[in-house]
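Read through the structure below, which is laid out as structure tokens, and then see the notes.
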Amino acid sequence: MKLIRPLLFHFLLYCATETLGVKIQSVPGVNSEGVIQTELEKTVSLVCQSDGDHESQADEELVWKRNGAAISLTEENKKGHSSVCVTPIIYEDNGATFTCHLSKNATVTASVTLNVTLEEEAVLVLQCDIWANPPVFSVSWKLNGSTVDLLAGGFSVTNDGLTSRLTAKKMKKSLHEGTYQCTAESPIYGGHSKQFIVAVTEKTLKVPLMPMIAGLVVVCLTALLAIASRWDKITKCCK
Ligand SMILES: *[C@@H]1O[C@H](CO)[C@@H](O)[C@H](O)[C@H]1NC(C)=O
Ligand SMILES: *[C@@H]1O[C@H](CO)[C@@H](O)[C@H](O)[C@H]1NC(C)=O
Ligand SMILES: *[C@@H]1O[C@H](CO)[C@@H](O)[C@H](O)[C@H]1NC(C)=O
């Protein structure tokens, strides 16, 4: 959980999903379908507020749930106003639904869902826990229903007996977007699968940092030199 400076609030785009009694505000904002668009490694902050017309509701105790499981909150983070922070965003957060409701009345509720997209050129890592006793005898990975083409997609698969990991070093929308599925086959329990829906967004242009730093250094150096030469004059005239 993190505190967000109040001043920052005014500059950030603020959206809210509203139902009777509680509302969720988030950074980044929620779209009209209740979905928050985010990327790996980013931070999503959610604030739930009880806002009834009745005075009594402003101080109501709140409950946060992630995919139906309660999130543990400190006492002071429950009354009338409660914030949770998801950071850093990991792939498992894709599709996670965060629900906030009044502690005494679960029908007074609001929820948002995270949509985690991956930027082109980012590293894609999908993993499936495959721990079993007796051990599973095979793990397979599929993309859009057919076996992952390791060579064409630049994928590598590792398996340490506990997790099977599918990695692609540099993602490309045309090669890596789609629905992935890992399936572990156990001699006793049969096949178990897990699905991942991977959406790839085009790389956004980032402000180049190096030229800016170089620019600043040059300005600083010239300023220092100017002082130095003046200092020279000052010291000379003092003699
Ligand atoms: C819970 O809230 C709903 C909607 O405001 C209301 O209709 C219902 O009576 C409330 N239930 C309780 C037990 O207070
Ligand atoms: C998630 O984002 C991707 C990329 O913008 C979009 O194609 C997809 O429809 C979104 N999914 C949901 C559930 O909003
Ligand atoms: C997988 O299917 C989706 C949806 O039909 C498509 O957009 C995507 O390009 C496919 N991925 C690959 C690698 O063919």
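By convention in this document, the chains of the structure tokens carry letters A, B, ... by their order, each chain's residues are numbered from 1, and ligands are numbered from 1 in the order they are shown.
Near Glu41 of chain A, within 10 Å and counting only C-alpha atoms, sit Val86, Thr87, Pro88, Ile89, Ile90, Tyr91, Val116 and Leu118 of chain A; same-chain residues fewer than 4 positions away were not included.
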(message) ligand 2: which residues are within 10 Å, counting only C-alpha atoms and all ligand atoms? Reply as a PyMOL selection string.
(response) chain A and resi 31+33-39+94-95+113-119+197-202
At a cut-off of 7 Å, can you tabulate as CSV every residue of chain A near ligand 1 together with its closest atom pair and the distance in Å to one decimal, using only C-alpha atoms and all ligand atoms and ordering rows by chain then number?
residue,atom,partner,partner_atom_place_in_ligand_line,distance
A:Leu20,CA,ligand 1,5 (O),6.5
A:Asn105,CA,ligand 1,1 (C),4.9
A:Ala106,CA,ligand 1,1 (C),7.0
A:Thr107,CA,ligand 1,1 (C),5.4
A:Val108,CA,ligand 1,2 (O),5.4
Take the selection from the previous step and output its residues with N, CA and C atoms, as a PDB file, in the first residue's frame.
ATOM      1  N   LEU A  20     -24.487   2.241  -5.884  1.00  0.00           N
ATOM      2  CA  LEU A  20     -25.079   2.812  -4.686  1.00  0.00           C
ATOM      3  C   LEU A  20     -24.182   2.546  -3.486  1.00  0.00           C
ATOM      4  N   ASN A 105     -22.900  -5.036   4.514  1.00  0.00           N
ATOM      5  CA  ASN A 105     -23.864  -5.317   3.462  1.00  0.00           C
ATOM      6  C   ASN A 105     -23.140  -5.555   2.133  1.00  0.00           C
ATOM      7  N   ALA A 106     -22.917  -6.809   1.822  1.00  0.00           N
ATOM      8  CA  ALA A 106     -22.129  -7.165   0.638  1.00  0.00           C
ATOM      9  C   ALA A 106     -22.839  -6.849  -0.672  1.00  0.00           C
ATOM     10  N   THR A 107     -24.114  -6.437  -0.615  1.00  0.00           N
ATOM     11  CA  THR A 107     -24.795  -6.095  -1.870  1.00  0.00           C
ATOM     12  C   THR A 107     -24.434  -4.674  -2.301  1.00  0.00           C
ATOM     13  N   VAL A 108     -23.889  -3.891  -1.379  1.00  0.00           N
ATOM     14  CA  VAL A 108     -23.426  -2.542  -1.744  1.00  0.00           C
ATOM     15  C   VAL A 108     -21.977  -2.692  -2.168  1.00  0.00           C
TER      16      VAL A 108
END
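Every protein, DNA or RNA residue with an atom at most 8 Å from Lys79 of chain A, where only C-alpha atoms count and chain neighbours fewer than 5 positions away do not, is listed here: A:Asp59, A:Glu60, A:Glu61, A:Leu62.
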Export all heavy atoms of the chosen residues as a compact mmCIF listing (two decimals), in the first residue's frame?
# COMPACT_ATOMS: atom_id res chain seq x y z
N ASP A 59 -18.85 6.57 7.26
CA ASP A 59 -17.87 5.96 8.14
C ASP A 59 -17.94 4.44 8.14
O ASP A 59 -17.35 3.78 8.98
CB ASP A 59 -18.09 6.49 9.57
CG ASP A 59 -16.81 7.07 10.12
OD1 ASP A 59 -15.90 7.34 9.31
OD2 ASP A 59 -16.73 7.23 11.34
N GLU A 60 -18.62 3.89 7.18
CA GLU A 60 -18.83 2.44 7.13
C GLU A 60 -17.53 1.68 6.94
O GLU A 60 -16.62 2.13 6.24
CB GLU A 60 -19.78 2.09 5.97
CG GLU A 60 -21.23 2.38 6.23
CD GLU A 60 -21.79 1.57 7.38
OE1 GLU A 60 -21.21 0.50 7.68
OE2 GLU A 60 -22.77 2.02 7.99
N GLU A 61 -17.46 0.49 7.50
CA GLU A 61 -16.28 -0.34 7.32
C GLU A 61 -16.34 -0.99 5.93
O GLU A 61 -17.39 -1.44 5.49
CB GLU A 61 -16.22 -1.41 8.40
CG GLU A 61 -14.86 -2.04 8.49
CD GLU A 61 -14.68 -2.86 9.76
OE1 GLU A 61 -14.70 -2.25 10.86
OE2 GLU A 61 -14.53 -4.08 9.65
N LEU A 62 -15.17 -1.01 5.28
CA LEU A 62 -15.11 -1.54 3.91
C LEU A 62 -14.30 -2.82 3.83
O LEU A 62 -13.43 -3.08 4.65
CB LEU A 62 -14.47 -0.49 2.99
CG LEU A 62 -15.22 0.83 2.88
CD1 LEU A 62 -14.32 1.89 2.28
CD2 LEU A 62 -16.47 0.67 2.03
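Among the candidate residues A:Ile24, A:Ser83, A:Leu175, A:Ser138, the one lying nearest to Gly154 of chain A is A:Leu175, with distances computed using only C-alpha atoms.
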Excluding Gly153 of chain A and residues on its chain fewer than 6 positions from it, collect all residues at most 9 Å away from it, counting only C-alpha atoms, and give them as a PDB file with all heavy atoms, in the first residue's frame.
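result.pdb written:
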ATOM      1  N   ALA A 168       9.916 -15.787 -24.135  1.00  0.00           N
ATOM      2  CA  ALA A 168      10.261 -15.210 -25.434  1.00  0.00           C
ATOM      3  C   ALA A 168      10.988 -13.912 -25.140  1.00  0.00           C
ATOM      4  O   ALA A 168      10.495 -13.076 -24.384  1.00  0.00           O
ATOM      5  CB  ALA A 168       9.019 -14.959 -26.268  1.00  0.00           C
ATOM      6  N   MET A 171       9.212  -9.628 -27.631  1.00  0.00           N
ATOM      7  CA  MET A 171       7.883  -9.902 -28.148  1.00  0.00           C
ATOM      8  C   MET A 171       7.541  -9.107 -29.398  1.00  0.00           C
ATOM      9  O   MET A 171       7.877  -7.940 -29.532  1.00  0.00           O
ATOM     10  CB  MET A 171       6.865  -9.587 -27.075  1.00  0.00           C
ATOM     11  CG  MET A 171       6.921 -10.577 -25.960  1.00  0.00           C
ATOM     12  SD  MET A 171       5.282 -10.861 -25.430  1.00  0.00           S
ATOM     13  CE  MET A 171       4.995  -9.269 -24.788  1.00  0.00           C
ATOM     14  N   LYS A 172       6.865  -9.807 -30.286  1.00  0.00           N
ATOM     15  CA  LYS A 172       6.326  -9.140 -31.470  1.00  0.00           C
ATOM     16  C   LYS A 172       4.854  -9.486 -31.524  1.00  0.00           C
ATOM     17  O   LYS A 172       4.467 -10.638 -31.305  1.00  0.00           O
ATOM     18  CB  LYS A 172       7.017  -9.641 -32.738  1.00  0.00           C
ATOM     19  CG  LYS A 172       8.331  -8.964 -33.003  1.00  0.00           C
ATOM     20  CD  LYS A 172       8.891  -9.360 -34.344  1.00  0.00           C
ATOM     21  CE  LYS A 172       8.197  -8.661 -35.505  1.00  0.00           C
ATOM     22  NZ  LYS A 172       8.759  -9.065 -36.802  1.00  0.00           N
ATOM     23  N   LEU A 175       3.835 -12.407 -33.754  1.00  0.00           N
ATOM     24  CA  LEU A 175       4.309 -13.746 -33.380  1.00  0.00           C
ATOM     25  C   LEU A 175       3.780 -14.218 -32.040  1.00  0.00           C
ATOM     26  O   LEU A 175       3.578 -15.411 -31.824  1.00  0.00           O
ATOM     27  CB  LEU A 175       5.841 -13.749 -33.304  1.00  0.00           C
ATOM     28  CG  LEU A 175       6.626 -13.729 -34.586  1.00  0.00           C
ATOM     29  CD1 LEU A 175       8.115 -13.680 -34.272  1.00  0.00           C
ATOM     30  CD2 LEU A 175       6.308 -14.959 -35.430  1.00  0.00           C
ATOM     31  N   HIS A 176       3.565 -13.281 -31.126  1.00  0.00           N
ATOM     32  CA  HIS A 176       3.355 -13.694 -29.743  1.00  0.00           C
ATOM     33  C   HIS A 176       1.995 -13.404 -29.140  1.00  0.00           C
ATOM     34  O   HIS A 176       1.718 -13.808 -28.029  1.00  0.00           O
ATOM     35  CB  HIS A 176       4.448 -13.079 -28.859  1.00  0.00           C
ATOM     36  CG  HIS A 176       5.823 -13.519 -29.258  1.00  0.00           C
ATOM     37  ND1 HIS A 176       6.788 -12.642 -29.649  1.00  0.00           N
ATOM     38  CD2 HIS A 176       6.355 -14.750 -29.353  1.00  0.00           C
ATOM     39  CE1 HIS A 176       7.889 -13.314 -29.968  1.00  0.00           C
ATOM     40  NE2 HIS A 176       7.651 -14.595 -29.792  1.00  0.00           N
TER      41      HIS A 176
END
